[in-house]
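Peer 1: My structure is below; once you've seen it, I'll send some questions.
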Amino acid sequence: MFTDFGLPPQAFSTRQLVDQRLNDRRETNGVAETLTVDWRDSRMHIEVIDMPIHALSYNPGTHRIRAQRSLDPARDAVLASDPWMQESQDYLRYLLTVRPSEPDKRDPDFETLKESLKNHRQNEPGLITRDGILVNGNTRCAALQELDPNSSMRVGVLPASCSWQDINNLEISLQLLPDERREYSYINRLLAIEEQRIHLNRELPAIAATFRTDVRSCERDLWVLAQLQDLIERSKTADGPTLRLMDLERSQEKLAELYRAYTKEHAKNKERADLLKEARLAAIVLDFSKTDVRYIEPDFQVRYLERELPAELSATEVATPATVSIPGLNRSIGAPSANIASARSITDTLIKAKAVQAAGADVDLAMRTTASGVIASFHQAFNDALENAGRDARLKKKRLAAPDRIANACRDLEQSVNDIVASRASASLDEGAFDDALIQLRTVLRKVVFEGHRSIELPGEGLSWLTAAVDVKQA
């Protein structure tokens with residue numbers, strides 16, 4: 001269920017100021033500015049007013065920085081206990097200004113937004129409750145506050161009956177959809193989908209409609225988040241740090257490809273699918289490229305990795321029982337095989353070291369040095385194993401025929417760009433023939449999209465982009 005954070009301590013005075021400005025607006029001659037929002041299953045027009053920045057409160061439930069709150073556990077604990085105190089509000093404002101994947105660095109997108117507001121002010125109003133809680137526009141408010149703490153912000157005002165459930169629903173509909181100002185991070189989008197499915201108990205078709213996607217994509221996102229949460233749980237030690245969701249922020253496409261590869265393999269053999277998953281997750285944690293991770297198949301550990309790993313990092317013999325009991329159900333299921341236990345052991349060693357590395361100065365130097373050595377050894381072993389796996393994969397040219405032909409076509413298109421540039425000097429471009437060739441290209445690309453969707457159940461970034469580019473409608 002969503003959290004009810006109550007009201008800011010200045011809610012009464014803010015409400016009075018909001019009411020006063022709404023009344024002033026209504027008494028002013030001319031057409032008042034309005035904003036249209038989704039309100040309880042219908043569309044509603046609300047009034048827009050100017051509000052001083054200092055009267056507004058950042059939304060402690062915003063999905064925009066949910067994963068990043070774990071950056072500083074002490075400040076996050078204060079935020080959870082009292083979201084309206086100045087320290088908590090300052091922490092929220094700080095998280096809105098940094099990179100989702102590297103919260104120790106300023107976000108260039110935030111700087112771009114700040115520069116735009118400096119030069120052009122607001123293109124669109126934010127959205128607040130009568131009590132001054134920002135439902136939409138938290139990042140814009142942070143940027144305006146840096147530019148001038150005494151400035152004001154244009155905001156639409158929600159009805160007085162607005163509840164925390166309304167705030168949650170509105171933020172999903174307004175802010176988690178594509179936003180050219182500053183998009184939500186990948187992990188925070190996953191968390192928002194999980195909240196809708198698990199905590200609010202909404203059905204997948206309804207969630208898919210909210211996020212303007214499809215049910216299969218929601219199923220993928222929930223599966224991916226479950227794997228990441230499992231990695232975080234496995235990275236825990238008695239007194240040490242753990243991995244954080246934001247440490248895996250930049251792995252969106254690699255995780256999507258893992259899901260596709262896992263589901264295909266799982267339909268044939270669950271154990272092989274689990275072996276593939278463990279090896280690919282380890283490579284993703286080590287931040288190998290998407291093209292490198294593709295070389296990892298179910299036999300990667302046995303065939304390539306084990307001979308490259310130093311003895312001290314190789315999986316130890318793990319005694320596995322025949323069955324594992326399910327607590328509370330008085331039932332047993334088959335235990336993972338020795339191969340899977342071995343693969344999990346390797347991944348566990350790696351993610352514990354990555355957790356120490358990610359903690360930085362929060363752990364002592366000796367622990368960080370040891371962890372860095374472990375990670376470096378794993379990276380070298382995976383790098384050597386991936387080189388061998390890639391070499392073998394390149395021998396299977398028949399499987400790669402379609403990608404190879406598209407890669408060759410890209411090289412021809414790049415050369416055509418050079419030809420166009422060269423033709424400008426002599427005015428030698430045959431514009432009619434050029435246009436005819438582009439029409440032919442469009443026809444061919446539409447065929448590529450059609451056959452691609454027939455062959456690929458859950459399209460990746462490339463096929464999704466091409467589908468939109470050639471404007472092909474898919475059922």
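We label chains A, B, ... in the order they appear in the structure tokens, count residues from 1 in each chain, and number ligands from 1 in the order shown.
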Any chance you could list, as a list of chain:residue names, the residues in range 215-333 of chain A that come up strand (DSSP E or B) when DSSP is run on the backbone?
Peer 2: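 Answer for range 215-333 of chain A, restricted to strand (DSSP E or B): A:Thr323, A:Val324, A:Ser325, A:Ile326, A:Arg331, A:Ser332, A:Ile333.
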Peer 1: Which range 92-111 of chain A residues have any atom within 10 Å of an atom of range 229-246 of chain A, and for each, what is the nearest pair of atoms with distance in Å to one decimal, counting only C-alpha atoms, rows sorted by chain and number, as a Markdown table?
Peer 2:
```
| residue | atom | partner | partner_atom | distance |
| --- | --- | --- | --- | --- |
| A:Arg99 | CA | A:Met246 | CA | 9.8 |
| A:Pro100 | CA | A:Met246 | CA | 6.6 |
| A:Ser101 | CA | A:Met246 | CA | 5.5 |
| A:Glu102 | CA | A:Met246 | CA | 7.9 |
| A:Pro103 | CA | A:Met246 | CA | 8.6 |
```
Peer 1: Any chance you can output those residues with N, CA and C atoms as a tab-separated table (two decimals), in the first residue's frame?
Peer 2:
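Saved to part_10.tsv:
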```tsv
chain	number	residue	atom	x	y	z
A	99	ARG	N	22.85	12.51	-10.53
A	99	ARG	CA	22.64	11.44	-11.49
A	99	ARG	C	22.02	10.23	-10.80
A	100	PRO	N	20.99	9.61	-11.40
A	100	PRO	CA	20.39	8.43	-10.77
A	100	PRO	C	21.39	7.28	-10.59
A	101	SER	N	22.30	7.09	-11.55
A	101	SER	CA	23.25	5.98	-11.47
A	101	SER	C	24.52	6.35	-10.72
A	102	GLU	N	24.80	7.65	-10.56
A	102	GLU	CA	25.99	8.11	-9.86
A	102	GLU	C	25.62	9.29	-8.97
A	103	PRO	N	24.98	9.01	-7.83
A	103	PRO	CA	24.44	10.10	-7.02
A	103	PRO	C	25.48	10.97	-6.33
```
Peer 1: Can you tell me which residues surround Tyr91 in chain A at a distance of at most 10 Å, considering only C-alpha atoms, apart from same-chain residues fewer than 4 positions away, and format the answer as JSON, numbers by chain?
Peer 2: {"A": [58, 60, 69, 72, 75, 76, 78, 79, 83, 86, 87, 95, 96]}
Peer 1: Which residues, written as a PyMOL selection string, have at least one atom at most 10 Å from Gly460 in chain A, with only C-alpha atoms counted and residues fewer than 5 positions away on the same chain left out?
Peer 2: chain A and resi 253+256-257+260+465
Peer 1: DSSP says helix (DSSP H, G or I) for which residues of range 5-254 of chain A? Put them as a ChimeraX atom specification?
Peer 2: /A:11-27,53-55,63-65,67-71,73-81,86-95,108-120,138-147,164-175,186-199,204-210,215-234,245-248,252-254
Peer 1: Ranking A:Glu306, A:Val48, A:Leu200, A:Leu71 by minimum distance to Asp104 in chain A and counting only C-alpha atoms, which one comes first?
Peer 2: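 Once distances to Asp104 in chain A are computed over only C-alpha atoms, the minimum belongs to A:Leu71.
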Peer 1: Can you tell me how far CA of Ile351 in chain A sits from CA of Ala267 in chain A, in Å to one decimal?
Peer 2: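 If I compute the distance from CA of Ile351 in chain A to CA of Ala267 in chain A, I get 27.8 Å.
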Peer 1: Using only C-alpha atoms, determine which residues lie at most 12 Å from His63 in chain A, disregarding the query and same-chain residues fewer than 4 positions distant; provide the list as JSON, numbers by chain.
Peer 2: {"A": [2, 58, 59, 67, 68, 69, 92, 95, 96, 100, 135, 136, 138, 139, 167, 168, 169, 170, 171, 172, 173, 174, 175, 176, 177, 183, 184, 185, 186, 187, 188, 189, 190, 191, 192, 193, 194, 195, 196]}
